[in-house]
Amino acid sequence: MVAGPQVVVAAAPAAEAGEEPAPETETETEPAAKPAATKPAAVPASAGTRQTEAYGERLDALDTEIGVLKDRIFRSKARLAVLRETVLAGAMAGARVMLAHRNLMGTGFQLSKVTYFLDGAPIFDRRDDSGALDQQDEIVVFDGNLAPGRHIVGVELVYKGKGVGSFSYLRGYTFQSTSTYDIEVGERGSMKIVSVGYERGNITTEMGDRPSVDWQTVNLDAGGRPTKPGKGAKSPAKGAGQVSGQVSGKTSAKASPSAKAPKKG
């Protein structure tokens with residue numbers, strides 16, 4: 001029996017020398033998509049502007065309040081210094097002097113501020129726009145002894161225009177009136193000096209020229225009661241020859257926002 005030729009199938013030769021087998025192909029897995037970042041809600045430009053304006057208004061209000069407080073502190077220090085120098089110096093010598101303001105202004109004006117000065121320093125400063133200050137007939141500013149010699153008393157008054165009907169335009173105006181008064185204080189006696197705010201002129205007088213100040217002096221007894229009626233500033237009464245006074249310069253008045261307030265009617 002003749003055997004047939006055997007067919008030998010040789011295995012595929014290994015990779016030739018120097019050649020690396022091809023790496024197996026791996027299926028790349030794509031990374032999971034990242035969640036979309038949440039964006040903050042857009043703020044309208046107008047809202048940001050309004051917030052900025054609100055903050056600016058608050059800062060302006062705080063600056064105004066700080067300025068008012070600084071002014072009050074300054075005035076208080078000045079007032080204390082004046083009182084220390086005048087009252088303490090005249091505690092054992094000098095006449096008793098009472099300073100007061102009397103409001104006799106017309107119905108078209110509302111007193112909103114009274115400032116009193118003694119020898120150039122403020123000793124009284126009160127402001128009230130509610131109308132309560134205007135309703136006081138007389139305000140006592142100072143009551144005590146003053147050192148003998150010459151002293152200067154000054155007053156500054158601020159009014160708000162007050163009108164109804166056809167005169168309602170006066171509400172937009174403020175009026176200022178100032179005046180000074182020279183007094184000579186002796187070593188004894190007692191005297192009350194009153195600044196009187198009144199409306200001068202008539203219907204033809206411009207509003208800015210109407211606020212005026214007159215001065216009166218009244219003798220006081222030991223109990224502080226008037227001994228006789230006071231006289232006007234042009235011929236002031238004298239306190240037993242110890243206290244006398246006279247107006248120094250003319251009373252001045254001005255109106256704002258314009259230099260002159262419009263005429264009535």
# chains A, B, ... in the order shown; residues from 1 in each chain; ligands from 1
$ residues_around --residues "A:Val158" --least-positions-apart "6" --cutoff "9 Å" --atoms "only C-alpha atoms" --output "count of residues only"
12
$ closest_residue --among "A:Ile73, A:Ala147, A:Ala54, A:Val194" --to "A:His101" --atoms "only C-alpha atoms"
A:Val194
$ closest_residue --among "A:Val153, A:Ile123, A:Ala61, A:Leu146" --to "A:Arg188" --atoms "only C-alpha atoms"
A:Leu146
$ select_by_dssp --residues "stretch 78-209 of chain A" --states "strand (DSSP E or B)" --output "ChimeraX atom specification"
/A:96-104,109-118,121-127,138-145,149-161,174-185,190-199
$ closest_residue --among "A:Gly189, A:Gly154, A:Gly67, A:Gly197" --to "A:Asp119" --atoms "only C-alpha atoms"
A:Gly154
